[in-house]
>>> print(open('upload.tsv').read())   # TSV, C-alpha atoms
chain	number	residue	atom	x	y	z
A	23	MET	CA	32.84	8.62	-61.00
A	24	LEU	CA	31.47	11.24	-58.61
A	25	ARG	CA	30.13	9.82	-55.42
A	26	GLN	CA	28.35	11.07	-52.31
A	27	TYR	CA	30.81	13.45	-50.73
A	28	PHE	CA	32.25	15.54	-53.55
A	29	ALA	CA	30.61	18.71	-52.22
A	30	GLN	CA	31.69	17.95	-48.65
A	31	SER	CA	35.25	17.35	-49.79
A	32	LEU	CA	35.35	20.69	-51.62
A	33	LEU	CA	33.98	22.42	-48.52
A	34	ASN	CA	36.52	20.70	-46.24
A	35	SER	CA	39.44	21.78	-48.38
A	36	GLY	CA	38.18	25.35	-48.78
A	37	VAL	CA	37.72	25.13	-52.57
A	38	LEU	CA	34.10	26.23	-52.15
A	39	SER	CA	32.52	28.31	-49.41
A	40	ALA	CA	29.40	27.22	-47.49
A	41	GLU	CA	27.39	29.83	-49.44
A	42	GLN	CA	28.62	28.51	-52.81
A	43	VAL	CA	27.79	24.92	-51.82
A	44	ARG	CA	24.33	25.93	-50.57
A	45	LEU	CA	23.64	27.76	-53.85
A	46	LEU	CA	24.67	24.72	-55.89
A	47	LEU	CA	22.55	22.38	-53.75
A	48	GLU	CA	19.53	24.65	-54.07
A	49	THR	CA	19.90	25.04	-57.85
A	50	ARG	CA	21.07	21.53	-58.67
A	51	THR	CA	18.05	20.79	-60.84
A	52	ASP	CA	18.83	23.90	-62.95
A	53	HIS	CA	22.25	22.54	-63.86
A	54	GLN	CA	21.64	19.44	-65.95
A	55	ALA	CA	24.94	17.74	-66.65
A	56	ARG	CA	25.90	18.11	-70.32
A	57	ILE	CA	27.68	15.35	-72.21
A	58	GLU	CA	31.11	16.94	-71.61
A	59	ILE	CA	30.65	16.62	-67.82
A	60	ARG	CA	29.24	13.12	-68.13
A	61	ALA	CA	32.24	12.08	-70.26
A	62	LEU	CA	34.67	13.59	-67.76
A	63	CYS	CA	32.99	12.11	-64.68
A	64	GLN	CA	32.71	8.68	-66.29
A	65	GLY	CA	36.34	8.75	-67.39
A	66	VAL	CA	35.41	8.57	-71.09
A	67	MET	CA	37.34	11.75	-71.92
A	68	LYS	CA	40.21	13.68	-70.36
A	69	ALA	CA	39.82	17.38	-69.58
A	70	GLU	CA	42.51	18.23	-72.12
A	71	GLN	CA	40.54	16.50	-74.90
A	72	ILE	CA	37.32	18.26	-73.86
A	73	GLU	CA	38.99	21.67	-73.81
A	74	LYS	CA	40.58	21.12	-77.26
A	75	ILE	CA	37.19	20.29	-78.77
A	76	LYS	CA	35.42	23.13	-76.94
A	77	LYS	CA	37.96	25.59	-78.37
A	78	ARG	CA	37.06	24.74	-81.96
A	79	GLN	CA	33.38	24.02	-81.43
A	80	LYS	CA	31.11	26.45	-83.30
A	81	PRO	CA	27.77	27.46	-81.75
A	82	ASP	CA	25.77	25.22	-84.09
A	83	GLU	CA	28.05	22.18	-83.72
A	84	ASP	CA	27.32	19.19	-81.53
A	85	PHE	CA	30.08	18.49	-78.99
A	86	ALA	CA	29.58	14.74	-79.04
A	87	ALA	CA	29.72	14.59	-82.84
A	88	LEU	CA	33.05	16.48	-82.79
A	89	ALA	CA	34.38	14.21	-80.04
A	90	ILE	CA	33.44	11.11	-82.07
A	91	ALA	CA	35.04	12.57	-85.23
A	92	ALA	CA	38.20	13.28	-83.22
A	93	GLY	CA	38.31	9.70	-81.97
A	94	CYS	CA	37.80	10.74	-78.33
A	95	MET	CA	34.47	8.97	-77.96
A	96	THR	CA	32.60	6.18	-79.73
A	97	GLU	CA	28.99	6.34	-80.86
A	98	SER	CA	28.20	3.61	-78.36
A	99	GLN	CA	29.75	5.64	-75.52
A	100	ARG	CA	27.74	8.67	-76.60
A	101	CYS	CA	24.49	6.67	-76.48
A	102	SER	CA	25.38	5.24	-73.12
A	103	LEU	CA	26.27	8.65	-71.62
A	104	GLU	CA	23.12	10.26	-72.97
A	105	ALA	CA	20.96	7.45	-71.64
A	106	MET	CA	22.30	7.75	-68.10
A	107	VAL	CA	20.12	9.56	-65.58
A	108	PRO	CA	22.41	12.38	-64.44
A	109	SER	CA	23.41	11.99	-60.82
A	110	THR	CA	23.00	14.98	-58.55
A	111	ASN	CA	26.77	15.10	-58.23
A	112	TRP	CA	27.19	15.42	-62.00
A	113	ASN	CA	24.75	18.31	-61.87
A	114	PHE	CA	26.75	19.73	-58.97
A	115	ALA	CA	29.92	19.61	-61.12
A	116	GLN	CA	28.02	21.21	-64.02
A	117	GLY	CA	26.83	23.93	-61.64
A	118	MET	CA	30.41	24.64	-60.57
A	119	LEU	CA	31.32	25.32	-64.21
A	120	ASP	CA	28.14	27.28	-64.99
A	121	GLU	CA	28.60	29.51	-61.93
A	122	HIS	CA	32.36	29.90	-62.64
A	123	PHE	CA	33.25	28.41	-59.24
A	124	VAL	CA	35.95	26.41	-61.03
A	125	ALA	CA	38.25	27.71	-63.78
A	126	GLY	CA	37.55	25.00	-66.36
A	127	TYR	CA	37.56	21.30	-67.17
A	128	SER	CA	41.23	20.79	-66.24
A	129	ALA	CA	40.70	22.40	-62.83
A	130	LEU	CA	37.59	20.27	-62.33
A	131	GLU	CA	39.49	17.13	-63.33
A	132	ALA	CA	42.20	17.95	-60.79
A	133	LEU	CA	39.55	18.35	-58.09
A	134	LEU	CA	38.03	15.01	-59.05
A	135	THR	CA	41.40	13.27	-58.86
A	136	ASP	CA	42.07	14.86	-55.47
A	137	TYR	CA	38.60	13.82	-54.30
A	138	GLU	CA	39.20	10.17	-55.23
A	139	ALA	CA	41.97	10.09	-52.63
A	140	LYS	CA	39.97	11.91	-49.97
A	141	GLU	CA	36.46	10.54	-50.38
A	142	THR	CA	36.53	8.10	-47.49
A	143	MET	CA	37.78	10.81	-45.14
A	144	ALA	CA	35.29	13.53	-46.13
A	145	VAL	CA	32.82	13.08	-43.26
A	146	GLY	CA	35.46	12.39	-40.62
A	147	THR	CA	37.46	15.45	-41.65
A	148	ALA	CA	34.34	17.64	-41.44
A	149	ILE	CA	33.37	16.30	-38.02
A	150	ASN	CA	36.85	16.83	-36.63
A	151	GLN	CA	36.80	20.43	-37.93
A	152	VAL	CA	33.41	21.16	-36.32
A	153	ALA	CA	34.43	19.47	-33.07
A	154	MET	CA	37.60	21.54	-32.88
A	155	LYS	CA	35.67	24.74	-33.53
A	156	ASN	CA	32.63	24.26	-31.31
A	157	VAL	CA	33.54	22.03	-28.38
A	158	ASN	CA	36.47	20.90	-26.33
A	159	PHE	CA	37.95	18.50	-28.88
A	160	ALA	CA	39.84	16.49	-26.24
A	161	GLU	CA	36.50	15.57	-24.63
A	162	LEU	CA	35.11	14.26	-27.91
A	163	GLU	CA	38.20	12.73	-29.46
A	164	GLU	CA	37.13	9.17	-28.63
A	165	GLU	CA	33.60	9.77	-29.96
A	166	CYS	CA	34.62	11.31	-33.28
A	167	ASP	CA	35.03	7.97	-35.08
A	168	LEU	CA	31.62	6.78	-33.86
A	169	TYR	CA	29.98	10.09	-34.77
A	170	SER	CA	31.63	10.04	-38.21
A	171	GLU	CA	30.46	6.51	-38.89
A	172	TYR	CA	26.91	7.39	-37.86
A	173	THR	CA	26.86	10.64	-39.84
A	174	ASP	CA	28.01	8.77	-42.94
A	175	VAL	CA	24.97	6.46	-42.64
A	176	PHE	CA	22.70	9.44	-41.90
A	177	LEU	CA	23.82	11.40	-45.00
A	178	ARG	CA	23.45	8.35	-47.21
A	179	THR	CA	19.90	7.69	-45.99
A	180	LEU	CA	19.02	11.36	-46.57
A	181	SER	CA	20.07	10.85	-50.17
A	182	ARG	CA	18.46	7.42	-50.52
A	183	PHE	CA	15.06	8.09	-48.94
A	184	MET	CA	14.56	11.82	-49.51
A	185	ASN	CA	16.76	12.53	-52.53
A	186	ILE	CA	18.51	15.16	-50.45
A	187	GLU	CA	22.17	15.94	-51.03
A	188	ALA	CA	23.66	17.47	-47.91
A	189	VAL	CA	26.88	18.81	-46.51
A	190	ILE	CA	28.12	19.44	-42.99
A	191	ASN	CA	28.57	23.19	-42.60
A	192	LEU	CA	31.98	23.80	-41.05
A	193	THR	CA	31.49	27.35	-39.89
A	194	ALA	CA	27.83	27.85	-38.92
A	195	ASP	CA	26.71	28.31	-35.35
A	196	PRO	CA	24.05	25.81	-34.27
A	197	PHE	CA	20.35	26.72	-34.04
A	198	ILE	CA	20.38	26.71	-30.25
A	199	GLY	CA	18.11	29.41	-28.88
A	200	GLU	CA	15.99	29.78	-32.01
A	201	GLN	CA	12.23	29.97	-31.60
A	202	SER	CA	9.86	27.31	-32.95
A	203	ALA	CA	12.55	24.69	-33.40
A	204	ILE	CA	11.41	21.09	-33.17
A	205	THR	CA	13.76	18.47	-31.79
A	206	ILE	CA	13.30	14.75	-32.44
A	207	SER	CA	15.64	12.30	-30.78
A	208	GLN	CA	16.20	8.57	-30.50
A	209	HIS	CA	18.55	6.75	-28.15
A	210	LEU	CA	20.58	3.69	-29.15
A	211	THR	CA	21.49	1.46	-26.27
A	212	GLY	CA	23.58	-1.67	-25.79
A	213	ASP	CA	27.21	-2.24	-26.75
A	214	ILE	CA	27.38	1.43	-27.71
A	215	MET	CA	25.46	4.34	-26.21
A	216	LEU	CA	24.43	7.01	-28.66
A	217	THR	CA	21.62	9.51	-28.91
A	218	THR	CA	20.80	10.93	-32.31
A	219	GLY	CA	18.60	13.94	-32.91
A	220	ILE	CA	17.31	16.28	-35.58
A	221	MET	CA	16.58	19.88	-34.60
A	222	ALA	CA	14.98	22.12	-37.20
A	223	GLU	CA	12.65	25.03	-37.72
A	224	GLU	CA	9.04	24.10	-38.52
A	225	ASP	CA	9.34	24.83	-42.25
A	226	VAL	CA	12.34	22.51	-42.60
A	227	VAL	CA	10.64	19.76	-40.55
A	228	LEU	CA	7.66	20.10	-42.88
A	229	GLU	CA	9.79	19.78	-46.00
A	230	LEU	CA	11.73	16.80	-44.62
A	231	ALA	CA	8.42	15.17	-43.66
A	232	ARG	CA	6.95	15.72	-47.13
A	233	ARG	CA	9.99	14.28	-48.83
A	234	TYR	CA	10.19	11.21	-46.62
A	235	SER	CA	6.50	10.42	-46.43
A	236	GLN	CA	5.67	11.48	-50.00
A	237	GLU	CA	2.43	12.76	-48.50
A	238	ASN	CA	1.04	16.24	-49.00
A	239	ILE	CA	1.47	17.29	-45.37
A	240	GLU	CA	0.38	20.92	-44.97
A	241	LYS	CA	1.77	21.94	-41.62
A	242	ALA	CA	4.41	20.93	-39.11
A	243	ASP	CA	1.91	18.88	-37.09
A	244	ALA	CA	2.11	15.52	-35.34
A	245	LEU	CA	2.15	13.63	-38.66
A	246	ALA	CA	5.08	15.76	-39.87
A	247	VAL	CA	7.04	15.15	-36.68
A	248	ASP	CA	6.14	11.49	-36.86
A	249	SER	CA	7.41	11.27	-40.44
A	250	VAL	CA	10.79	12.78	-39.56
A	251	ALA	CA	10.94	10.52	-36.50
A	252	GLU	CA	10.26	7.49	-38.69
A	253	PHE	CA	13.10	8.56	-41.00
A	254	LEU	CA	15.42	8.80	-37.98
A	255	ASN	CA	14.16	5.42	-36.78
A	256	VAL	CA	14.84	3.77	-40.14
A	257	THR	CA	18.28	5.40	-40.35
A	258	ASN	CA	19.15	4.17	-36.88
A	259	GLY	CA	17.87	0.71	-37.74
A	260	LEU	CA	20.19	0.55	-40.74
A	261	TYR	CA	23.07	1.77	-38.59
A	262	ILE	CA	22.32	-1.00	-36.08
A	263	VAL	CA	22.48	-3.58	-38.86
A	264	ASN	CA	26.01	-2.29	-39.67
A	265	LEU	CA	26.94	-2.64	-36.01
A	266	SER	CA	25.49	-6.15	-35.72
A	267	ASN	CA	27.68	-7.21	-38.65
A	268	ARG	CA	30.57	-6.38	-36.30
A	269	HIS	CA	28.92	-8.40	-33.50
A	270	LEU	CA	27.82	-5.29	-31.60
A	271	ASN	CA	24.34	-5.68	-30.17
A	272	VAL	CA	22.39	-2.44	-29.99
A	273	ASP	CA	18.68	-1.67	-29.54
A	274	LEU	CA	16.56	1.41	-30.07
A	275	ASP	CA	14.36	3.30	-27.65
A	276	PRO	CA	11.14	4.94	-28.88
A	277	TYR	CA	11.68	8.42	-30.30
A	278	ARG	CA	11.06	11.59	-28.30
A	279	SER	CA	10.13	15.04	-29.57
A	280	ALA	CA	9.85	18.50	-28.07
A	281	TYR	CA	9.53	22.16	-29.05
A	282	ASN	CA	12.15	24.78	-28.20
A	283	VAL	CA	14.46	22.67	-26.11
A	284	LEU	CA	18.11	23.26	-25.46
A	285	PRO	CA	19.70	19.89	-26.26
A	286	ALA	CA	21.94	19.00	-23.36
A	287	GLY	CA	23.53	15.61	-23.86
A	288	ASN	CA	26.79	14.34	-22.51
A	289	LYS	CA	29.63	14.49	-25.08
A	290	GLN	CA	27.28	16.36	-27.38
A	291	LEU	CA	28.22	17.44	-30.89
A	292	ILE	CA	25.89	19.55	-33.03
A	293	LEU	CA	26.39	19.47	-36.79
A	294	ARG	CA	24.67	22.01	-39.04
A	295	ILE	CA	23.49	20.12	-42.12
A	296	ASP	CA	22.92	22.25	-45.23
A	297	THR	CA	20.57	20.84	-47.85
A	298	ASP	CA	18.53	22.02	-50.80
A	299	CYS	CA	15.45	22.10	-48.55
A	300	GLY	CA	16.98	24.19	-45.79
A	301	SER	CA	19.36	23.67	-42.92
A	302	PHE	CA	18.93	21.68	-39.73
A	303	ASP	CA	21.05	20.41	-36.88
A	304	LEU	CA	22.08	16.80	-36.44
A	305	ILE	CA	22.74	16.26	-32.74
A	306	LEU	CA	24.91	13.42	-31.49
A	307	ALA	CA	25.51	12.64	-27.84
A	308	ALA	CA	26.30	9.82	-25.49
A	309	ASP	CA	22.98	10.07	-23.67
A	310	GLU	CA	19.51	11.67	-23.91
A	311	ILE	CA	19.41	15.23	-25.26
A	312	ILE	CA	15.80	16.16	-24.50
A	313	PHE	CA	14.96	16.90	-20.86
B	12	MET	CA	-13.43	-16.33	-53.56
B	13	THR	CA	-11.08	-15.70	-50.63
B	14	ARG	CA	-12.38	-14.12	-47.45
B	15	LYS	CA	-11.04	-10.82	-46.13
B	16	LEU	CA	-8.19	-11.20	-43.69
B	17	LYS	CA	-8.45	-9.07	-40.59
B	18	ILE	CA	-4.99	-7.65	-39.86
B	19	LEU	CA	-3.93	-5.66	-36.81
B	20	ILE	CA	-1.19	-3.10	-37.54
B	21	THR	CA	0.75	-2.19	-34.42
B	22	ASP	CA	3.21	0.66	-34.77
B	23	ASP	CA	3.71	3.93	-32.89
B	24	SER	CA	4.29	5.75	-36.19
B	25	SER	CA	1.05	7.22	-37.56
B	26	LEU	CA	2.76	7.61	-40.94
B	27	LEU	CA	3.60	3.92	-41.09
B	28	ARG	CA	0.09	2.91	-40.01
B	29	LYS	CA	-1.40	5.12	-42.73
B	30	LYS	CA	0.90	3.76	-45.45
B	31	LEU	CA	0.54	0.15	-44.38
B	32	ARG	CA	-3.25	0.42	-44.12
B	33	ALA	CA	-3.36	1.52	-47.76
B	34	GLU	CA	-1.12	-1.40	-48.80
B	35	LEU	CA	-3.21	-3.95	-46.88
B	36	GLU	CA	-6.52	-2.64	-48.15
B	37	GLU	CA	-5.12	-3.05	-51.67
B	38	LEU	CA	-4.53	-6.69	-50.72
B	39	ASP	CA	-8.19	-7.00	-49.70
B	40	CYS	CA	-7.55	-6.98	-45.95
B	41	GLU	CA	-9.67	-5.45	-43.22
B	42	VAL	CA	-7.37	-3.33	-41.09
B	43	ILE	CA	-7.41	-2.40	-37.43
B	44	GLU	CA	-4.72	-0.36	-35.72
B	45	ALA	CA	-2.88	-0.14	-32.41
B	46	LYS	CA	-0.15	2.35	-31.57
B	47	ASN	CA	1.70	0.39	-28.89
B	48	GLY	CA	2.07	-3.10	-27.47
B	49	LYS	CA	-0.54	-2.60	-24.77
B	50	GLU	CA	-3.21	-1.60	-27.30
B	51	ALA	CA	-2.17	-4.54	-29.49
B	52	VAL	CA	-2.87	-7.04	-26.74
B	53	LEU	CA	-6.25	-5.44	-26.02
B	54	GLU	CA	-7.20	-5.37	-29.73
B	55	CYS	CA	-6.20	-9.01	-30.03
B	56	LEU	CA	-8.70	-9.91	-27.33
B	57	LYS	CA	-11.43	-7.63	-28.65
B	58	GLU	CA	-11.14	-7.93	-32.44
B	59	LYS	CA	-9.65	-11.41	-32.84
B	60	PRO	CA	-7.61	-10.60	-35.96
B	61	ASP	CA	-6.23	-13.26	-38.29
B	62	GLY	CA	-2.76	-11.80	-38.01
B	63	ILE	CA	-0.67	-8.97	-36.66
B	64	ILE	CA	2.00	-6.80	-38.17
B	65	LEU	CA	4.02	-5.80	-35.14
B	66	ASP	CA	6.74	-3.19	-34.64
B	67	ILE	CA	9.36	-3.74	-31.96
B	68	VAL	CA	10.37	-0.24	-30.86
B	69	MET	CA	7.27	1.22	-29.22
B	70	PRO	CA	6.41	3.07	-26.03
B	71	GLU	CA	4.65	1.44	-23.05
B	72	ILE	CA	5.03	-2.21	-24.07
B	73	ASN	CA	7.46	-2.97	-26.88
B	74	GLY	CA	6.81	-5.48	-29.65
B	75	VAL	CA	8.74	-8.37	-28.10
B	76	GLU	CA	6.88	-8.05	-24.79
B	77	ALA	CA	3.58	-7.67	-26.64
B	78	LEU	CA	4.29	-10.81	-28.66
B	79	ARG	CA	4.97	-12.71	-25.45
B	80	ALA	CA	1.63	-11.56	-24.02
B	81	ILE	CA	-0.23	-12.34	-27.25
B	82	ARG	CA	1.16	-15.89	-27.23
B	83	GLU	CA	-0.51	-16.39	-23.82
B	84	ILE	CA	-3.95	-15.49	-25.17
B	85	ARG	CA	-3.63	-16.58	-28.81
B	86	PRO	CA	-0.88	-19.23	-29.20
B	87	ASP	CA	-1.82	-19.74	-32.87
B	88	MET	CA	-1.76	-16.03	-33.85
B	89	GLN	CA	0.19	-15.34	-37.07
B	90	VAL	CA	2.64	-12.52	-36.42
B	91	ILE	CA	4.80	-10.60	-38.87
B	92	MET	CA	7.45	-8.46	-37.21
B	93	LEU	CA	8.09	-5.16	-39.04
B	94	SER	CA	10.78	-3.13	-37.44
B	95	SER	CA	13.73	-0.84	-38.01
B	96	THR	CA	15.76	-2.74	-35.47
B	97	GLY	CA	16.94	-6.00	-36.92
B	98	SER	CA	19.48	-6.81	-34.23
B	99	SER	CA	20.28	-10.48	-33.77
B	100	ALA	CA	18.92	-10.55	-30.20
B	101	ASN	CA	15.53	-9.26	-31.33
B	102	LEU	CA	15.44	-11.62	-34.28
B	103	VAL	CA	16.20	-14.67	-32.14
B	104	GLU	CA	13.67	-13.65	-29.47
B	105	THR	CA	10.80	-13.04	-31.88
B	106	LEU	CA	11.51	-16.27	-33.79
B	107	LYS	CA	11.56	-18.17	-30.49
B	108	LEU	CA	8.16	-16.65	-29.78
B	109	GLY	CA	6.89	-17.97	-33.09
B	110	ALA	CA	6.87	-14.91	-35.36
B	111	MET	CA	6.33	-16.15	-38.91
B	112	ASP	CA	8.33	-13.39	-40.60
B	113	PHE	CA	10.65	-10.49	-39.86
B	114	ILE	CA	10.69	-7.51	-42.24
B	115	GLN	CA	13.30	-4.79	-41.79
B	116	LYS	CA	12.09	-1.21	-42.32
B	117	PRO	CA	11.92	0.37	-44.79
B	118	TYR	CA	9.71	-2.31	-46.28
B	119	THR	CA	8.74	-2.74	-49.92
B	120	SER	CA	5.21	-3.44	-51.17
B	121	GLU	CA	6.48	-6.75	-52.48
B	122	GLN	CA	7.66	-7.84	-49.03
B	123	ILE	CA	4.26	-7.04	-47.54
B	124	LYS	CA	2.44	-8.81	-50.36
B	125	THR	CA	4.59	-11.94	-49.94
B	126	ALA	CA	4.18	-11.98	-46.15
B	127	ILE	CA	0.40	-11.52	-46.36
B	128	GLY	CA	0.25	-14.30	-48.97
B	129	ARG	CA	2.04	-16.66	-46.57
B	130	LEU	CA	-0.21	-15.55	-43.71
B	131	ARG	CA	-3.30	-16.22	-45.80
B	132	LYS	CA	-2.12	-19.76	-46.57
B	133	LYS	CA	-1.57	-20.43	-42.88
B	134	VAL	CA	-4.97	-19.25	-41.72
B	135	GLU	CA	-7.07	-20.73	-44.52
>>> encode(input="upload.tsv", output="structure tokens")
Amino acid sequence: MLRQYFAQSLLNSGVLSAEQVRLLLETRTDHQARIEIRALCQGVMKAEQIEKIKKRQKPDEDFAALAIAAGCMTESQRCSLEAMVPSTNWNFAQGMLDEHFVAGYSALEALLTDYEAKETMAVGTAINQVAMKNVNFAELEEECDLYSEYTDVFLRTLSRFMNIEAVINLTADPFIGEQSAITISQHLTGDIMLTTGIMAEEDVVLELARRYSQENIEKADALAVDSVAEFLNVTNGLYIVNLSNRHLNVDLDPYRSAYNVLPAGNKQLILRIDTDCGSFDLILAADEIIF
Amino acid sequence: MTRKLKILITDDSSLLRKKLRAELEELDCEVIEAKNGKEAVLECLKEKPDGIILDIVMPEINGVEALRAIREIRPDMQVIMLSSTGSSANLVETLKLGAMDFIQKPYTSEQIKTAIGRLRKKVE
């Protein structure tokens, strides 16, 4: 079963480049997972069985019918697989095959098996890599676990509320210095001190706002900024609930926003987030980033 | 036939006010808005709503402080807290101050409908 961080895991281990991942995220709706991928991802068929059937499949023959005749799949499993709404990660795996980013079903199966073991570490591994590249890692070592935990919640809420699949780009330079970037931040205060921020160009803010609000917002105006801020607010609220389950009491300050600022927080880490609606920076720091 | 409830939405998010207004109007409520705690207290005095939907994290005066001030002027006011921050300290404080409900953002239409139904029973 493919879960949230398959793409991130492939990026972390160098199987795919940032460009390949971005292409697959942008074209994910063009790659609708076929029944072979569904069967592989759901553990109904092994790659070896799929490849055997593919080898003898004629252009006018139905793969599932051949798989059923070969005893690799039941009619009930076929119905169930066909009825499932394909997850974006299934489509991502289909895209890898369609674009020849992976050699075949066996190679994909090996990647899936490897991913099972690494899934829980995907975000932490990415954050450590970015921290080592962009900042003095020793200064941030203590924060990396906190930042990883927060980023995990952030990426899940992106998927849940905006249907956005995202990865942390390991090699990109941050946006700092770009014109017309909007920064939205919110400070968490209490048993932990954390400031979270989103910095993006106007067109990306607009697209994020449209997706979150489900309103036809036409320009990156106050309503657009407000919509992205509300997304950040909701994300931070959910993160606080996680913390309160561990008896950590944390509150939120009202959000702040500004144009063309140079975020300057203490123990600051900037993560470039690549999505199918453009890239933006997620900024994490121990204190306020907008001055 | 039930009368229209007058509900004051207090939230610094214009998006949330817009969305919630649409939900409440569907539920046959008259809606007024405030974008922070200070405005909420003033609107309470001026408009005398039947109930308030109140955020916690807001500039100027936050929702907990606003609720405290509202209790001074309208001890019987029905208040539904709607906030992203569901920390235990906030929950305890708002319940102590007599909030009738606490809804964690993001809300669902069903949660709003249920809360307004309860509010209606209390004021009628």
>>> closest_residue(input="upload.tsv", among="B:Val75, B:Ala100, B:Leu106, B:Leu56", to="chain A", atoms="only C-alpha atoms")
B:Ala100
>>> closest_atom_pairs(input="upload.tsv", of="chain A", to="chain B", cutoff="6 Å", atoms="only C-alpha atoms", output="tab-separated table")
residue	atom	partner	partner_atom	distance
A:Ser249	CA	B:Leu26	CA	5.9
A:Val256	CA	B:Ser95	CA	5.2
A:Gly259	CA	B:Ser95	CA	4.4
A:Pro276	CA	B:Met69	CA	5.4
>>> closest_residue(input="upload.tsv", among="A:Trp112, A:Phe123, A:Tyr27, A:Phe253", to="A:Met143", atoms="only C-alpha atoms")
A:Tyr27
>>> closest_residue(input="upload.tsv", among="B:Leu78, B:Ile127, B:Leu53, B:Ile91", to="B:Leu108", atoms="all atoms listed in the file")
B:Leu78
>>> axis_aligned_box(input="upload.tsv", around="stretch 126-130 of chain B", padding_each_side="8 Å", output="AutoDock Vina command-line options")
--center_x 2.0 --center_y -14.1 --center_z -46.3 --size_x 20.4 --size_y 21.1 --size_z 21.3
>>> atom_distance(input="upload.tsv", atom1="atom CA of A:Ser181", atom2="atom CA of A:Tyr234")
10.5 Å
>>> residues_around(input="upload.tsv", residues="A:Ile239", least_positions_apart="4", cutoff="12 Å", atoms="only C-alpha atoms", output="list of chain:residue names")
A:Asp225, A:Val227, A:Leu228, A:Glu229, A:Leu230, A:Ala231, A:Arg232, A:Arg233, A:Tyr234, A:Ser235, A:Asp243, A:Ala244, A:Leu245, A:Ala246, A:Val247, A:Asp248, A:Ser249, A:Val250, B:Leu26
>>> residues_near_point(input="upload.tsv", point="(39.8, 22.4, -55.9)", cutoff="9 Å", atoms="all atoms listed in the file", output="PyMOL selection string")
chain A and resi 32+35-38+124+129-130+132-134+136-137
>>> residues_near_point(input="upload.tsv", point="(39.1, 19.7, -69.6)", cutoff="6 Å", atoms="all atoms listed in the file", output="PyMOL selection string")
chain A and resi 69-70+72-73+127-128
>>> residues_around(input="upload.tsv", residues="A:Leu180", least_positions_apart="5", cutoff="9 Å", atoms="only C-alpha atoms", output="ChimeraX atom specification")
/A:175,185-188,234,253,257
>>> atom_distance(input="upload.tsv", atom1="atom CA of A:Ser202", atom2="atom CA of A:Asp303")
13.7 Å
>>> residues_around(input="upload.tsv", residues="B:Val134", least_positions_apart="6", cutoff="9 Å", atoms="all atoms listed in the file", output="VMD selection string")
chain B and resid 16 61 to 62 89
>>> atom_distance(input="upload.tsv", atom1="atom CA of B:Glu121", atom2="atom CA of B:Leu35")
11.5 Å
>>> residues_around(input="upload.tsv", residues="B:Ile81", least_positions_apart="3", cutoff="9 Å", atoms="all atoms listed in the file", output="JSON, numbers by chain")
{"B": [51, 52, 55, 56, 76, 77, 78, 84, 85, 86, 88]}
>>> residues_around(input="upload.tsv", residues="A:Ala307", least_positions_apart="6", cutoff="10 Å", atoms="only C-alpha atoms", output="ChimeraX atom specification")
/A:162,165,169,209,215-219,285-292
>>> decode(input="upload.tsv", residues="stretch 117-124 of chain A", atoms="N, CA, C and O atoms", output="compact mmCIF listing (two decimals), in the first residue's frame")
# COMPACT_ATOMS: atom_id res chain seq x y z
N GLY A 117 2.90 6.80 -13.29
CA GLY A 117 3.69 7.80 -14.02
C GLY A 117 5.15 7.40 -14.13
O GLY A 117 5.78 7.60 -15.17
N MET A 118 5.69 6.81 -13.07
CA MET A 118 7.09 6.37 -13.11
C MET A 118 7.29 5.34 -14.23
O MET A 118 8.31 5.37 -14.93
N LEU A 119 6.33 4.44 -14.37
CA LEU A 119 6.43 3.43 -15.44
C LEU A 119 6.22 4.07 -16.81
O LEU A 119 7.00 3.82 -17.75
N ASP A 120 5.20 4.90 -16.93
CA ASP A 120 4.87 5.53 -18.22
C ASP A 120 6.03 6.39 -18.73
O ASP A 120 6.28 6.45 -19.93
N GLU A 121 6.70 7.08 -17.80
CA GLU A 121 7.79 7.98 -18.18
C GLU A 121 9.14 7.25 -18.23
O GLU A 121 10.18 7.88 -18.43
N HIS A 122 9.11 5.93 -17.98
CA HIS A 122 10.34 5.10 -17.97
C HIS A 122 11.35 5.59 -16.93
O HIS A 122 12.56 5.54 -17.15
N PHE A 123 10.84 6.08 -15.79
CA PHE A 123 11.73 6.46 -14.68
C PHE A 123 12.09 5.24 -13.83
O PHE A 123 12.91 5.34 -12.92
N VAL A 124 11.43 4.13 -14.11
CA VAL A 124 11.75 2.88 -13.42
C VAL A 124 11.72 1.78 -14.48
O VAL A 124 10.93 1.85 -15.43
